[in-house]
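Worksheet: one structure, shown below.
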Amino acid sequence: MRKRFLAASMAAVMAISLCACSSGDGGSQTQTTQASSGETTQGASAEDSSSEDTQAADGEKVTLSLCWWGNQTRNDVTKQAVDLYMSQNPNVEIKVEFTDWTGYWDKLSTMAAGGNLPDIIQQDYSYISQYQQSGQLADLTPFIEDGTIETENIPQSIIDSGSIDGKCYALSLGSNAPMMVYDKAIVEEAGVTIPDQMTLDDLYNISQEIYNKTGVSALYDTGLTMAQLIARGDGSHLFDQLMAGDSTSIAKHFENIARFTSADFYISPELWAEKGANVVETRPIIDQTTWNDFSFSNLYNTFSTASGREMGMTMYPVDGEDMFLKPSMFFSIAETSPHKEEAAKFINWFLNSVECNEILMAERGVPVNTEVAEAIKPSVDSMTQVVFDYVAKVSEKASAIDAPDPAGKGEVETLLAQTADSIHYGEIDAAEATETYTADAQRILQEAAE
């Protein structure tokens, strides 16, 4: 039974950590979209375009290459947006290339090795540092400072999320945020009011009250997101602490795990394992075994759809207000691009044009431009509007997201799930777990950094 619980715990970790990544299964394709005729032809490659043109004079044709990963929906709406941009800017031709998540990074790595990166690159948070450190991403700061890329309606935390050492190398295309999702019907039956953000003591006390009145159990997030938020509340970053052998925040996290799992209202490890946690549809909140769960806001619709009822959504319960917006993905400009200014103009349009985003319809997440998000909100369905409102609320409190995950993160996260499992089953207490985990995590991170 313990193995079953561990498998469920690790699957939950994977589900939460991956939920912000809209990878899809678009299949590798290359297309050039011709604005003049609207026709699409197969065979042009983004690798071919970066050296086709030198910097064009005013009025001369500029060819840009654009590369992204995604499913068919993303591919369709992005190409429609590109067509619109070219119709409005007849001196610009954009060659587009897309593939699925699995093959995207291998392909991009090959292109980078050959000096053939596309002018505009869709980037993921975990890869920005790698490409920036190798000198392959252009600094976007000058284009922001001179107004080529307008950011007055984009929260500073969004700009910071794509910045390294004070320079911006990537701009987020959409946002989501950590959330606690809850069953409205159970909460109402218990006569409880859920605040916009509760403390951990609030969560404990509310969980006890709901259990006393309804018999429904509760969850505490034993994974990485909660541990990171606790560290942020301590004015630090979890991986920085672990790399230094500092156990301050992880000790609090393990103490919380021990406190919650020993309460009578907490779901038993056996029942948690029985329900399974690998996909939303099998999580215990769906059949009201628990009244709450933890994830990211882009999965709110999935929770509501799977349960057949509208869920509530609130911020993670932490002792502080150090929430963050998680970028869904970014656009960067290749340092090798001969047309950086034209590429910056396209990114500006992609982020700030209502007309463009009426085509995209938040497919990459809630638009980062707050006015654009408000403008297209009436056009999305009611559940997505709830997500828009939630992300807007978090953006008012959000500070910059932690630095991209370091090498060794996956092993450290797996170890965290194993340690939480041992606490659940009473095999180790919080103090011993803290000592052992901190030492092992430090070793993993230091070895991975060598």
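Lettering and numbering for the structure tokens are positional, with chains as A, B, ... in the shown order, residues counted from 1 in each chain, and ligands counted from 1 in the shown order.
With only C-alpha atoms taken into account, the protein and nucleic acid residues at most 10 Å from Leu140 (chain A) (excluding it and anything under 5 positions from it in its own chain) are Glu145, Thr148, Ile149, Gly162, Ser163, Lys167, Cys168, Tyr169, Ala170, Leu171, Ser332, Ile333, Lys340, Glu341 and Ala344 of chain A.
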Per-residue nearest contacts of region 314-414 of chain A to region 114-117 of chain A (10 Å; only C-alpha atoms) as JSON lines:
{"residue": "A:Ile333", "atom": "CA", "partner": "A:Leu117", "partner_atom": "CA", "distance": 9.0}
{"residue": "A:Ala334", "atom": "CA", "partner": "A:Leu117", "partner_atom": "CA", "distance": 6.2}
{"residue": "A:Glu335", "atom": "CA", "partner": "A:Leu117", "partner_atom": "CA", "distance": 8.6}
{"residue": "A:Thr336", "atom": "CA", "partner": "A:Gly115", "partner_atom": "CA", "distance": 7.2}
{"residue": "A:Ser337", "atom": "CA", "partner": "A:Leu117", "partner_atom": "CA", "distance": 7.9}
Could you jot down the CA of Gln288 (chain A) to CA of Val216 (chain A) separation for me, Å, one decimal place?
-> 7.2 Å
What are the closest atom pairs, with distances in Å to one decimal, for all residues of region 327-424 of chain A lying within 10 Å of region 64-69 of chain A? Consider only C-alpha atoms, order rows by chain and residue number, and present the result as CSV.
residue,atom,partner,partner_atom,distance
A:Met329,CA,A:Trp68,CA,9.8
A:Phe330,CA,A:Trp68,CA,9.7
A:Phe331,CA,A:Trp68,CA,8.9
A:Ile333,CA,A:Leu66,CA,9.5
A:Ser337,CA,A:Leu64,CA,8.6
A:Pro338,CA,A:Leu64,CA,9.1
A:His339,CA,A:Leu64,CA,7.3
A:Lys340,CA,A:Leu64,CA,9.3
A:Glu342,CA,A:Leu64,CA,7.9
A:Ala343,CA,A:Leu64,CA,7.0
A:Phe346,CA,A:Leu64,CA,9.5
Write out as a ChimeraX atom specification which residues come within 10 Å of Leu445 (chain A) when counting only C-alpha atoms, dropping same-chain ones fewer than 5 positions away.
-> /A:239-240,242-244,406-409,411-412,440,450
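What separates CA of Gln208 (chain A) from CA of Gly312 (chain A) is a distance of 18.6 Å.
A straight line drawn from CA of Thr214 (chain A) to CA of Phe303 (chain A) is 21.0 Å long.
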Can you list, as a PyMOL selection string, all residues belonging to region 368-444 of chain A that DSSP tags as helix (DSSP H, G or I)?
-> chain A and resi 370-379+382-395+409-424+430-444
